[in-house]
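coords-v9.txt, holding compact mmCIF, C-alpha atoms:
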```txt
# COMPACT_ATOMS: atom_id res chain seq x y z
CA MET A 1 -92.19 8.82 78.10
CA ASN A 2 -92.91 6.84 81.24
CA ALA A 3 -91.20 3.72 79.93
CA HIS A 4 -88.22 5.83 79.06
CA ALA A 5 -88.22 7.52 82.49
CA GLN A 6 -88.51 4.17 84.15
CA SER A 7 -85.43 2.96 82.29
CA ILE A 8 -83.51 6.01 83.47
CA ILE A 9 -84.65 5.34 87.03
CA GLU A 10 -83.51 1.75 86.74
CA ALA A 11 -80.10 2.91 85.50
CA LEU A 12 -79.84 5.41 88.36
CA LEU A 13 -80.62 2.71 90.88
CA PHE A 14 -77.98 0.52 89.26
CA VAL A 15 -75.15 3.01 89.53
CA SER A 16 -76.01 4.58 92.87
CA GLU A 17 -73.76 3.57 95.73
CA SER A 18 -76.24 4.47 98.44
CA PRO A 19 -80.01 4.68 98.64
CA ILE A 20 -81.33 7.38 96.33
CA SER A 21 -84.54 9.30 96.98
CA PRO A 22 -87.20 10.30 94.43
CA GLU A 23 -86.26 13.91 95.22
CA GLN A 24 -82.66 13.26 94.18
CA MET A 25 -83.87 11.58 91.01
CA ALA A 26 -86.09 14.57 90.24
CA LEU A 27 -82.94 16.67 89.93
CA VAL A 28 -81.99 14.54 86.95
CA LEU A 29 -85.45 13.77 85.56
CA GLU A 30 -86.43 17.40 85.46
CA ASP A 31 -89.87 17.03 83.92
CA LEU A 32 -91.11 14.62 86.58
CA GLU A 33 -92.36 15.29 90.08
CA PRO A 34 -90.89 13.25 92.96
CA SER A 35 -94.32 11.71 93.49
CA GLU A 36 -94.45 10.54 89.88
CA ILE A 37 -90.94 9.15 90.18
CA ARG A 38 -91.92 7.32 93.35
CA ALA A 39 -94.84 5.74 91.53
CA LEU A 40 -92.55 4.61 88.72
CA ILE A 41 -90.04 3.13 91.17
CA GLU A 42 -92.84 1.26 92.92
CA THR A 43 -94.00 -0.18 89.59
CA LEU A 44 -90.46 -1.21 88.77
CA LYS A 45 -90.07 -2.71 92.22
CA LYS A 46 -93.20 -4.82 91.73
CA GLU A 47 -92.02 -5.91 88.29
CA TYR A 48 -88.77 -7.10 89.78
CA GLU A 49 -90.63 -8.97 92.50
CA SER A 50 -93.13 -10.65 90.22
CA SER A 51 -90.51 -11.77 87.72
CA GLN A 52 -88.29 -13.13 90.52
CA ARG A 53 -85.14 -11.52 89.25
CA SER A 54 -81.77 -11.83 90.88
CA LEU A 55 -82.02 -8.19 91.84
CA VAL A 56 -84.53 -6.50 94.10
CA ILE A 57 -85.35 -2.88 94.79
CA GLN A 58 -85.45 -2.06 98.47
CA GLU A 59 -86.89 1.02 100.10
CA VAL A 60 -84.53 2.02 102.85
CA ALA A 61 -83.65 5.14 104.86
CA GLY A 62 -86.02 7.29 102.82
CA GLY A 63 -84.60 6.19 99.47
CA TYR A 64 -84.38 3.22 97.16
CA GLN A 65 -81.51 0.89 96.40
CA MET A 66 -80.88 -2.06 94.18
CA THR A 67 -79.64 -5.13 96.00
CA THR A 68 -79.27 -8.76 95.12
CA ASN A 69 -82.04 -11.17 95.91
CA PRO A 70 -81.33 -12.81 99.30
CA LEU A 71 -81.74 -16.19 97.58
CA TYR A 72 -78.33 -15.74 96.00
CA ALA A 73 -76.43 -14.73 99.13
CA PRO A 74 -74.56 -18.06 99.44
CA TRP A 75 -72.99 -17.75 95.99
CA LEU A 76 -72.19 -14.09 96.40
CA ARG A 77 -70.51 -14.68 99.72
CA LYS A 78 -68.42 -17.38 98.08
CA PHE A 79 -67.51 -15.12 95.19
CA LEU A 80 -66.69 -12.15 97.41
CA LYS A 81 -64.83 -14.41 99.83
CA LYS A 82 -67.11 -13.10 102.48
CA THR A 83 -67.99 -14.97 105.62
CA GLN A 84 -71.41 -14.54 107.19
CA GLY A 85 -70.18 -11.08 107.92
CA GLU A 86 -69.23 -9.26 111.02
CA ARG A 87 -72.20 -8.89 113.28
CA LEU A 88 -72.78 -6.34 115.95
CA SER A 89 -72.13 -7.63 119.45
CA GLY A 90 -74.83 -8.19 122.03
CA PRO A 91 -73.92 -5.05 123.99
CA SER A 92 -73.97 -3.02 120.76
CA LEU A 93 -77.41 -4.29 119.77
CA GLU A 94 -78.83 -3.69 123.25
CA THR A 95 -77.45 -0.18 123.34
CA LEU A 96 -78.77 0.56 119.87
CA ALA A 97 -82.19 -0.80 120.80
CA ILE A 98 -82.40 1.50 123.82
CA ILE A 99 -81.29 4.51 121.79
CA ALA A 100 -83.57 3.69 118.87
CA TYR A 101 -86.64 3.65 121.09
CA LYS A 102 -85.76 6.31 123.64
CA GLN A 103 -83.88 8.87 121.56
CA PRO A 104 -82.65 11.42 122.26
CA VAL A 105 -81.18 9.78 125.31
CA THR A 106 -78.17 10.38 127.56
CA ARG A 107 -75.48 7.87 128.36
CA GLN A 108 -76.60 7.75 131.96
CA GLU A 109 -80.16 6.87 130.93
CA ILE A 110 -78.86 4.02 128.76
CA GLU A 111 -76.67 2.77 131.58
CA SER A 112 -79.53 2.76 134.05
CA ILE A 113 -81.43 0.36 131.78
CA ARG A 114 -78.54 -1.87 130.78
CA GLY A 115 -76.95 -1.85 134.23
CA VAL A 116 -73.46 -1.54 132.80
CA ASN A 117 -71.10 1.13 131.58
CA VAL A 118 -71.69 1.86 127.89
CA GLU A 119 -68.91 4.34 127.20
CA GLY A 120 -66.88 1.97 125.02
CA VAL A 121 -69.92 0.70 123.15
CA LEU A 122 -71.07 4.24 122.37
CA LYS A 123 -67.65 5.08 121.00
CA THR A 124 -67.67 2.04 118.71
CA LEU A 125 -71.19 2.78 117.49
CA LEU A 126 -70.30 6.39 116.79
CA GLU A 127 -67.25 5.23 114.83
CA LYS A 128 -69.46 2.90 112.83
CA ARG A 129 -71.65 5.95 112.27
CA LEU A 130 -74.75 4.12 113.47
CA LEU A 131 -75.28 6.84 116.08
CA ARG A 132 -75.24 10.59 116.03
CA ILE A 133 -74.97 13.21 118.73
CA ALA A 134 -78.41 14.74 119.02
CA GLY A 135 -77.47 17.70 121.18
CA ARG A 136 -77.18 18.16 124.91
CA LYS A 137 -79.71 17.67 127.65
CA GLU A 138 -80.41 20.88 129.56
CA ILE A 139 -79.75 19.47 132.99
CA ILE A 140 -76.75 19.79 135.29
CA GLY A 141 -73.60 18.88 133.41
CA ARG A 142 -75.38 19.24 130.04
CA PRO A 143 -74.75 15.61 129.05
CA LEU A 144 -74.69 14.61 125.39
CA LEU A 145 -77.82 13.18 123.86
CA TYR A 146 -77.58 10.26 121.47
CA GLY A 147 -79.80 9.34 118.56
CA THR A 148 -79.67 6.91 115.65
CA SER A 149 -78.30 7.96 112.25
CA ARG A 150 -79.39 7.48 108.66
CA GLU A 151 -76.76 4.74 108.43
CA PHE A 152 -78.59 2.98 111.26
CA LEU A 153 -81.70 2.76 109.06
CA GLU A 154 -79.64 1.54 106.10
CA TYR A 155 -77.81 -1.02 108.21
CA PHE A 156 -81.01 -2.60 109.48
CA GLY A 157 -82.91 -2.17 106.22
CA LEU A 158 -85.46 0.18 107.75
CA ASN A 159 -87.16 2.93 105.81
CA SER A 160 -87.82 4.99 108.91
CA LEU A 161 -87.89 4.62 112.67
CA GLU A 162 -91.63 4.05 112.49
CA GLU A 163 -90.87 0.67 110.97
CA LEU A 164 -89.39 -0.52 114.24
CA PRO A 165 -91.82 -2.87 115.94
CA PRO A 166 -93.56 -0.87 118.69
CA LEU A 167 -91.91 -1.33 122.05
CA GLU A 168 -95.37 -1.86 123.53
CA GLU A 169 -95.34 -5.29 121.89
CA PHE A 170 -92.45 -6.19 124.13
CA VAL A 171 -94.19 -4.59 127.09
CA GLN A 172 -97.20 -6.74 126.44
CA GLU A 173 -95.01 -9.80 126.31
CA GLY A 174 -93.59 -8.82 129.68
CA GLU A 175 -97.02 -8.13 131.08
CA ARG A 176 -98.31 -11.37 129.68
CA ILE A 177 -95.67 -13.17 131.69
CA GLU A 178 -96.76 -11.22 134.74
CA ALA A 179 -100.41 -11.96 134.04
CA GLU A 180 -99.65 -15.64 133.59
CA ASN A 181 -97.84 -15.67 136.86
CA GLU A 182 -100.76 -14.00 138.57
CA SER A 183 -103.21 -16.50 137.15
CA LYS A 184 -100.93 -19.30 138.29
CA GLU A 185 -100.97 -17.87 141.78
CA ILE A 186 -104.74 -17.76 141.73
CA THR A 187 -105.11 -21.33 140.51
CA SER A 188 -102.51 -22.78 142.85
CA MET B 1 -50.73 -4.39 129.17
CA SER B 2 -53.37 -6.47 130.81
CA TYR B 3 -54.08 -9.95 129.56
CA LYS B 4 -57.35 -10.15 131.38
CA VAL B 5 -60.21 -11.04 129.15
CA LYS B 6 -63.40 -9.13 129.52
CA LEU B 7 -66.29 -11.43 130.17
CA GLU B 8 -68.52 -11.16 127.15
CA LEU B 9 -70.71 -14.10 128.03
CA PHE B 10 -73.13 -11.91 129.89
CA GLU B 11 -73.88 -8.39 128.84
CA GLY B 12 -74.12 -7.29 132.44
CA PRO B 13 -75.49 -8.23 135.84
CA LEU B 14 -79.11 -7.93 134.68
CA ASP B 15 -78.41 -10.31 131.82
CA LEU B 16 -76.80 -12.82 134.16
CA LEU B 17 -79.81 -12.57 136.49
CA LEU B 18 -82.26 -13.13 133.64
CA TYR B 19 -80.23 -16.13 132.58
CA LEU B 20 -80.31 -17.61 136.08
CA ILE B 21 -84.05 -16.94 136.40
CA LYS B 22 -84.64 -18.75 133.13
CA LYS B 23 -82.31 -21.59 134.01
CA GLU B 24 -83.99 -22.10 137.37
CA GLU B 25 -87.41 -21.82 135.75
CA VAL B 26 -88.64 -19.32 138.27
CA ASP B 27 -90.85 -16.26 137.81
CA VAL B 28 -89.28 -12.89 137.30
CA THR B 29 -91.95 -11.39 139.49
CA ASP B 30 -91.40 -13.86 142.29
CA ILE B 31 -87.67 -14.46 142.47
CA PRO B 32 -86.51 -16.93 145.13
CA ILE B 33 -83.93 -14.41 146.18
CA ALA B 34 -81.76 -16.67 148.38
CA ARG B 35 -81.36 -19.29 145.67
CA ILE B 36 -80.69 -16.82 142.88
CA THR B 37 -78.25 -14.83 145.01
CA GLY B 38 -76.36 -18.04 145.79
CA GLN B 39 -76.12 -18.93 142.12
CA TYR B 40 -75.15 -15.42 141.17
CA LEU B 41 -72.27 -15.48 143.65
CA GLU B 42 -71.17 -18.88 142.37
CA TYR B 43 -70.87 -17.43 138.90
CA LEU B 44 -68.80 -14.56 140.17
CA GLU B 45 -66.49 -17.09 141.83
CA VAL B 46 -65.99 -18.97 138.57
CA ILE B 47 -65.22 -15.73 136.79
CA LYS B 48 -62.66 -14.85 139.45
CA LEU B 49 -61.15 -18.33 139.20
CA LEU B 50 -60.59 -17.88 135.48
CA ASP B 51 -58.97 -14.56 136.24
CA LEU B 52 -61.41 -12.79 134.00
CA ASP B 53 -61.97 -9.16 134.57
CA ILE B 54 -65.22 -8.58 136.43
CA ALA B 55 -66.93 -5.34 135.71
CA GLY B 56 -67.69 -3.40 138.86
CA GLU B 57 -71.39 -3.52 138.03
CA PHE B 58 -71.45 -7.26 138.76
CA LEU B 59 -70.22 -6.59 142.27
CA VAL B 60 -72.70 -3.77 142.82
CA MET B 61 -75.49 -6.15 141.87
CA ALA B 62 -74.13 -8.81 144.24
CA ALA B 63 -74.34 -6.30 147.09
CA GLU B 64 -77.86 -5.32 146.03
CA LEU B 65 -78.98 -8.96 145.96
CA MET B 66 -77.61 -9.55 149.41
CA ARG B 67 -79.33 -6.44 150.69
CA ILE B 68 -82.66 -7.65 149.31
CA LYS B 69 -82.02 -11.11 150.70
CA SER B 70 -81.40 -9.79 154.21
CA ARG B 71 -84.54 -7.67 154.08
CA MET B 72 -86.54 -10.69 152.98
CA LEU B 73 -85.15 -12.64 155.90
CA LEU B 74 -86.51 -10.24 158.47
CA PRO B 75 -89.16 -12.13 160.39
CA PRO B 76 -92.58 -10.67 159.59
CA GLU B 77 -93.49 -10.12 163.24
CA GLU B 78 -90.68 -7.61 163.55
CA GLN B 79 -92.31 -5.42 161.00
CA PRO B 80 -94.56 -2.77 162.45
CA VAL B 81 -98.19 -3.27 161.53
CA GLU B 82 -98.54 0.10 159.82
CA GLU B 83 -95.91 -0.93 157.28
CA GLU B 84 -98.01 -3.79 156.09
CA GLU B 85 -98.38 -2.06 152.75
CA GLU B 86 -94.62 -1.89 152.42
CA GLU B 87 -93.34 -2.66 149.00
CA ASP B 88 -91.78 -6.02 148.30
CA PRO B 89 -88.00 -5.52 148.66
CA ARG B 90 -87.65 -7.14 145.25
CA ALA B 91 -90.01 -4.74 143.48
CA GLU B 92 -87.36 -2.33 142.23
CA LEU B 93 -85.22 -5.18 140.93
CA VAL B 94 -88.19 -6.78 139.19
CA ARG B 95 -89.06 -3.48 137.54
CA ARG B 96 -85.49 -3.12 136.26
CA LEU B 97 -85.38 -6.71 135.05
CA LEU B 98 -88.63 -6.35 133.11
CA GLU B 99 -87.50 -3.06 131.60
CA TYR B 100 -84.18 -4.59 130.61
CA GLN B 101 -85.86 -7.68 129.20
CA LYS B 102 -88.01 -5.49 126.98
CA PHE B 103 -84.96 -3.92 125.37
CA LYS B 104 -83.16 -7.23 125.19
CA GLU B 105 -86.04 -8.51 123.07
CA ALA B 106 -85.92 -5.35 120.97
CA ALA B 107 -82.17 -5.95 120.51
CA ASN B 108 -82.94 -9.49 119.38
CA ARG B 109 -85.33 -8.12 116.81
CA LEU B 110 -82.62 -5.75 115.56
CA GLY B 111 -80.28 -8.72 115.31
CA HIS B 112 -82.76 -10.46 113.02
CA LEU B 113 -83.07 -7.36 110.86
CA GLU B 114 -79.30 -7.18 110.66
CA ALA B 115 -79.05 -10.80 109.56
CA THR B 116 -81.71 -10.26 106.88
CA GLN B 117 -79.95 -7.20 105.56
CA LYS B 118 -76.63 -9.07 105.44
CA GLU B 119 -78.18 -11.35 102.82
CA LEU B 120 -78.53 -8.41 100.45
CA PHE B 121 -75.57 -7.26 98.43
CA THR B 122 -75.29 -3.85 96.91
CA ARG B 123 -72.79 -2.24 94.64
CA PRO B 124 -69.93 -1.30 94.63
CA PHE B 125 -68.25 -4.66 94.67
CA GLN B 126 -64.81 -3.19 95.03
CA LYS B 127 -65.52 -2.04 98.52
CA LEU B 128 -67.19 -5.30 99.43
CA SER B 129 -64.36 -7.53 98.30
CA ASP B 130 -61.91 -5.45 100.30
CA ALA B 131 -64.12 -5.81 103.31
CA GLY B 132 -64.41 -9.51 102.55
CA GLU B 133 -60.69 -10.04 102.80
CA GLU B 134 -60.62 -8.15 106.03
CA GLU B 135 -63.17 -10.45 107.52
CA GLU B 136 -61.13 -13.58 107.00
CA GLU B 137 -59.90 -14.89 110.28
CA TYR B 138 -56.34 -14.00 111.09
CA PHE B 139 -54.57 -13.49 114.29
CA GLU B 140 -51.60 -11.39 114.98
CA THR B 141 -48.37 -13.32 115.16
CA GLY B 142 -46.72 -13.08 118.54
CA ILE B 143 -43.06 -12.63 119.25
CA PHE B 144 -42.62 -16.31 120.15
CA ASP B 145 -44.08 -17.45 116.85
CA LEU B 146 -41.72 -15.11 115.05
CA LEU B 147 -38.75 -16.41 116.99
CA SER B 148 -39.55 -20.03 116.28
CA ALA B 149 -40.10 -19.30 112.59
CA PHE B 150 -36.76 -17.55 112.61
CA SER B 151 -35.00 -20.47 114.24
CA ARG B 152 -36.45 -22.83 111.63
CA ILE B 153 -34.98 -20.65 108.92
CA LEU B 154 -31.61 -20.55 110.65
CA GLN B 155 -31.60 -24.33 110.86
CA ARG B 156 -32.20 -24.57 107.15
CA MET B 157 -29.24 -22.35 106.38
CA PRO B 158 -26.23 -24.36 105.38
CA LYS B 159 -23.46 -24.24 107.91
CA GLN B 160 -20.70 -22.20 106.46
CA ILE B 161 -17.61 -24.20 106.01
CA LEU B 162 -15.56 -21.71 104.12
CA TYR B 163 -14.60 -18.55 105.78
CA GLU B 164 -15.36 -15.55 103.76
CA ILE B 165 -14.44 -11.99 104.20
CA VAL B 166 -17.64 -10.51 105.43
CA LYS B 167 -18.17 -7.07 104.19
CA ASP B 168 -20.61 -4.96 106.08
CA GLU B 169 -22.97 -5.74 103.28
CA PHE B 170 -26.17 -6.27 105.18
CA THR B 171 -27.42 -3.67 107.54
CA VAL B 172 -30.70 -3.69 109.37
CA GLU B 173 -31.42 -0.28 107.95
CA GLY B 174 -30.84 -1.50 104.42
CA LYS B 175 -33.17 -4.42 105.00
CA VAL B 176 -35.85 -2.14 106.42
CA HIS B 177 -35.80 -0.20 103.16
CA GLU B 178 -35.82 -3.37 101.11
CA ILE B 179 -38.88 -4.74 102.87
CA PHE B 180 -40.59 -1.39 102.52
CA HIS B 181 -39.96 -1.35 98.79
CA LEU B 182 -41.31 -4.86 98.42
CA LEU B 183 -44.46 -3.87 100.27
CA VAL B 184 -45.07 -1.03 97.86
CA THR B 185 -45.42 -3.46 94.98
CA GLN B 186 -46.87 -6.44 96.85
CA PRO B 187 -49.66 -6.20 99.37
CA VAL B 188 -48.59 -9.31 101.25
CA LEU B 189 -45.13 -10.73 101.86
CA TYR B 190 -44.50 -14.20 103.18
CA PHE B 191 -42.07 -14.42 106.02
CA SER B 192 -40.15 -17.41 104.61
CA HIS B 193 -39.90 -15.89 101.12
CA LEU B 194 -37.97 -12.96 102.54
CA PHE B 195 -35.13 -15.26 103.54
CA GLU B 196 -35.00 -17.37 100.41
CA LYS B 197 -32.28 -15.39 98.74
CA ALA B 198 -30.28 -14.74 101.88
CA LYS B 199 -26.62 -15.51 101.30
CA ASN B 200 -25.53 -16.16 104.86
CA ARG B 201 -26.54 -16.06 108.47
CA LEU B 202 -25.64 -12.45 108.79
CA GLU B 203 -28.14 -11.53 106.15
CA VAL B 204 -30.79 -13.71 107.76
CA VAL B 205 -30.23 -11.98 111.07
CA ALA B 206 -30.36 -8.56 109.43
CA ILE B 207 -33.66 -9.36 107.73
CA PHE B 208 -35.14 -10.65 110.95
CA LEU B 209 -34.05 -7.62 112.91
CA ALA B 210 -35.49 -5.40 110.19
CA ILE B 211 -38.84 -7.14 110.56
CA LEU B 212 -38.76 -6.65 114.32
CA GLU B 213 -37.84 -3.02 113.84
CA LEU B 214 -40.73 -2.46 111.46
CA ILE B 215 -43.10 -4.09 113.90
CA ARG B 216 -41.79 -1.88 116.67
CA LEU B 217 -42.32 1.18 114.52
CA GLN B 218 -45.82 -0.13 113.78
CA GLU B 219 -45.14 0.12 110.08
CA ILE B 220 -46.13 -3.48 109.43
CA VAL B 221 -48.37 -6.10 110.90
CA VAL B 222 -47.58 -9.80 110.96
CA ARG B 223 -50.40 -12.27 110.97
CA GLN B 224 -51.23 -15.90 110.51
CA ARG B 225 -54.33 -17.76 109.55
CA THR B 226 -53.64 -20.61 111.94
CA LEU B 227 -50.93 -21.41 114.41
CA PHE B 228 -47.78 -22.60 112.60
CA SER B 229 -49.11 -21.54 109.22
CA GLU B 230 -47.14 -19.18 107.00
CA ILE B 231 -46.57 -15.79 108.55
CA GLU B 232 -47.80 -12.94 106.38
CA ILE B 233 -46.41 -9.44 106.47
CA LEU B 234 -48.57 -6.46 105.56
CA ARG B 235 -48.28 -2.75 105.84
CA ASN B 236 -50.05 -1.30 108.80
CA LYS B 237 -53.15 0.30 107.31
CA ASP B 238 -53.64 2.85 110.07
CA LYS B 239 -50.11 4.02 109.49
CA ILE B 240 -50.49 4.50 105.75
CA GLU B 241 -53.05 7.27 106.02
CA SER B 242 -51.20 9.31 108.64
CA GLY B 243 -47.87 8.49 106.98
CA VAL B 244 -48.92 10.01 103.69
CA LYS B 245 -49.80 13.27 105.38
CA LYS B 246 -46.55 13.33 107.31
CA GLY B 247 -44.51 12.65 104.18
CA GLU B 248 -46.17 15.51 102.38
CA THR B 249 -45.29 18.05 104.99
CA GLN B 250 -41.77 16.86 105.41
CA GLU B 251 -40.83 17.13 101.80
```
This entry written out as structure tokens:
Amino acid sequence: MNAHAQSIIEALLFVSESPISPEQMALVLEDLEPSEIRALIETLKKEYESSQRSLVIQEVAGGYQMTTNPLYAPWLRKFLKKTQGERLSGPSLETLAIIAYKQPVTRQEIESIRGVNVEGVLKTLLEKRLLRIAGRKEIIGRPLLYGTSREFLEYFGLNSLEELPPLEEFVQEGERIEAENESKEITS
Amino acid sequence: MSYKVKLELFEGPLDLLLYLIKKEEVDVTDIPIARITGQYLEYLEVIKLLDLDIAGEFLVMAAELMRIKSRMLLPPEEQPVEEEEEEDPRAELVRRLLEYQKFKEAANRLGHLEATQKELFTRPFQKLSDAGEEEEEYFETGIFDLLSAFSRILQRMPKQILYEIVKDEFTVEGKVHEIFHLLVTQPVLYFSHLFEKAKNRLEVVAIFLAILELIRLQEIVVRQRTLFSEIEILRNKDKIESGVKKGETQE
């Protein structure tokens, strides 16, 4: 039964256009629990990895998706007449980083960190559906609060926000610089 | 319409400051404020010289730097003794720079994740190949490019020696419809191909005016891969979606 179920899972992953969760699969594989399905996907995932296939199974945004192995990107780009691909601009990445770590966050809070107006950037990111409106802050003017979307996770290949490297790492880097400077002052 | 280019080199005043601090190999926590302010203002001058649009934030920061600089210049003896514990005038700026730097690094990390994810291809391919075409580099053909292409075509037309009775055969309106019909069956038309079957100058002029009219109505877009390369004519994609809805209600 399991081998059969695993084949069905593999087929589902093949046809699905967006990441598919074990819960969604359980709607089709009625006699299996999501946890059992997850275990089967994980086995399949490892099989793919160990046999170095041209396809890989990636866990992203709370689901699984089948993608090509990054090794074959050059040929695929050539075939699909794709350039390296449009990348997000510096301002977009900075704004996303602030929102990802501080969400929900208002535009004014983002601007106070970046030191520039972010109205245009927010609009673009909302259009790209990388952001979502996460309500309003209960202060004067009730400004909108921004948060990251499920598409954000998919776009960056993250399973959840917890996968983001902790911001403290960056703090430590900053502090290390400070500490180094202090020690320099002492020695000089 | 403004032709000013927004300066994308630096994400903002804080980014420019971090760049200068790095370039000058000085410590963020101990900024030689006079030197950095001088350099910062020099950059603003260059930007002005190029007639690039300076965001107001850059000017606000310039004022802030000069304020800090003047406070630093106050001779220490003028400061009352009880204010000995007074905060370094640069402290607030340093705090902001460090905070900004933290997120700049986080943004970098996101950039890496993005690049990694771009190496992975998922189905459906249909969507991807469409997107792929879109990503090829084109630029919109300007009016001067169109005019010069048009004059080249006119030059190629044989000079008419025989007089003919010109019927009002070619109207701009008729040509607009013709081009539209062609675009229904072909996704891309080549500018020069449109004129190949033209019988005389009048027809050439009518076709050209039809193209200009369609551009004005934003029904088509004209683009080129490189300067002087073949001009391509496509339907304006934004227009198609709204156009379909409009057509439905009208009829």
Exercise for the section: Can you pull out every residue within 12 Å of Lys123 of chain A, counting all atoms listed in the file, but drop anything in the same chain fewer than 2 positions away, and send it as a list of chain:residue names? Expected result: A:Ser92, A:Thr95, A:Arg107, A:Asn117, A:Val118, A:Glu119, A:Gly120, A:Val121, A:Leu125, A:Leu126, A:Glu127, A:Lys128, A:Arg129, A:Leu130, A:Leu131, A:Arg132, A:Ile133, A:Tyr146
Practice task
Find the distance between atom CA of Gln117 of chain B and atom CA of Leu158 of chain A and write it in Å to one decimal.
Solution key: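 According to the coordinates, atom CA of Gln117 of chain B and atom CA of Leu158 of chain A are separated by 9.5 Å.
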Exercise for the section: Kindly indicate which residue among B:Gly38, B:Gly56, B:Gly174, B:Pro89 lies nearest to Val116 of chain A, using only C-alpha atoms for the distances. Expected result: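 Smallest separation from Val116 of chain A among the options: B:Gly56.
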Practice task
Would you mind listing what lies within 8 Å of Ser160 of chain A as a list in words, with all atoms listed in the file counted and same-chain residues fewer than 4 positions away left out?
Solution key: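 These residues fall inside the cut-off: Val60, Ala61, Gly62, Leu153 and Leu164 of chain A.
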Problem - Distance query Phe14 of chain A at most 10 Å, only C-alpha atoms, self and fewer than 4 positions along chain excluded, as a list in words - result: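 Returned residues: Ile8, Ile9, Glu10, Leu55, Ile57, Gln65, Met66 and Thr67 of chain A; Thr122, Arg123 and Pro124 of chain B.
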Handout entry: Residues of chain B within 7 Å of chain A, counting only C-alpha atoms, as a PyMOL selection string
Key = chain B and resi 11-14+29+57+96+98-100+102-107+110-111+113-114+117+119-124+129+132-133+135
Got time to write the residues from that selection, C-alpha atoms, as a short mmCIF file (atom, residue, chain, number, x, y, z; two decimals), in the coordinates of the input?
```cif
data_model
loop_
_atom_site.label_atom_id
_atom_site.label_comp_id
_atom_site.auth_asym_id
_atom_site.auth_seq_id
_atom_site.Cartn_x
_atom_site.Cartn_y
_atom_site.Cartn_z
CA GLU B 11 -73.88 -8.39 128.84
CA GLY B 12 -74.12 -7.29 132.44
CA PRO B 13 -75.49 -8.23 135.84
CA LEU B 14 -79.11 -7.93 134.68
CA THR B 29 -91.95 -11.39 139.49
CA GLU B 57 -71.39 -3.52 138.03
CA ARG B 96 -85.49 -3.12 136.26
CA LEU B 98 -88.63 -6.35 133.11
CA GLU B 99 -87.50 -3.06 131.60
CA TYR B 100 -84.18 -4.59 130.61
CA LYS B 102 -88.01 -5.49 126.98
CA PHE B 103 -84.96 -3.92 125.37
CA LYS B 104 -83.16 -7.23 125.19
CA GLU B 105 -86.04 -8.51 123.07
CA ALA B 106 -85.92 -5.35 120.97
CA ALA B 107 -82.17 -5.95 120.51
CA LEU B 110 -82.62 -5.75 115.56
CA GLY B 111 -80.28 -8.72 115.31
CA LEU B 113 -83.07 -7.36 110.86
CA GLU B 114 -79.30 -7.18 110.66
CA GLN B 117 -79.95 -7.20 105.56
CA GLU B 119 -78.18 -11.35 102.82
CA LEU B 120 -78.53 -8.41 100.45
CA PHE B 121 -75.57 -7.26 98.43
CA THR B 122 -75.29 -3.85 96.91
CA ARG B 123 -72.79 -2.24 94.64
CA PRO B 124 -69.93 -1.30 94.63
CA SER B 129 -64.36 -7.53 98.30
CA GLY B 132 -64.41 -9.51 102.55
CA GLU B 133 -60.69 -10.04 102.80
CA GLU B 135 -63.17 -10.45 107.52
#
```
Exercise for the section: Give me, please, the distance in Å between atom CA of Leu183 of chain B and atom CA of Ile233 of chain B, quoted to one decimal. Expected result: 8.6 Å
Handout entry: For atom CA of Val105 of chain A and atom CA of Phe152 of chain A, the interatomic separation in Å (one decimal)
Key = 15.8 Å
Exercise for the section: Using all atoms listed in the file, find all polymer residues with an atom at most 12 Å away from the point (-80.6, -21.4, 144.8); report them as a list of chain:residue names. Expected result: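 Using all atoms listed in the file, the matching residues come out as B:Leu20, B:Ile21, B:Lys23, B:Glu24, B:Glu25, B:Val26, B:Ile31, B:Pro32, B:Ile33, B:Ala34, B:Arg35, B:Ile36, B:Thr37, B:Gly38, B:Gln39, B:Tyr40, B:Leu41, B:Glu42, B:Lys69.
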Exercise for the section: Can you work out which one of B:Ile220, B:Val60, B:Leu65, B:Val205 has the shortest atom-to-atom distance to Pro187 of chain B, counting all atoms listed in the file? Expected result: B:Ile220
Handout entry: Near-Arg201 of chain B list (12 Å; all atoms listed in the file; drop same-chain fewer than 3 positions) as a PyMOL selection string
Key = chain B and resi 150-151+153-160+166+170+195-198+204-208
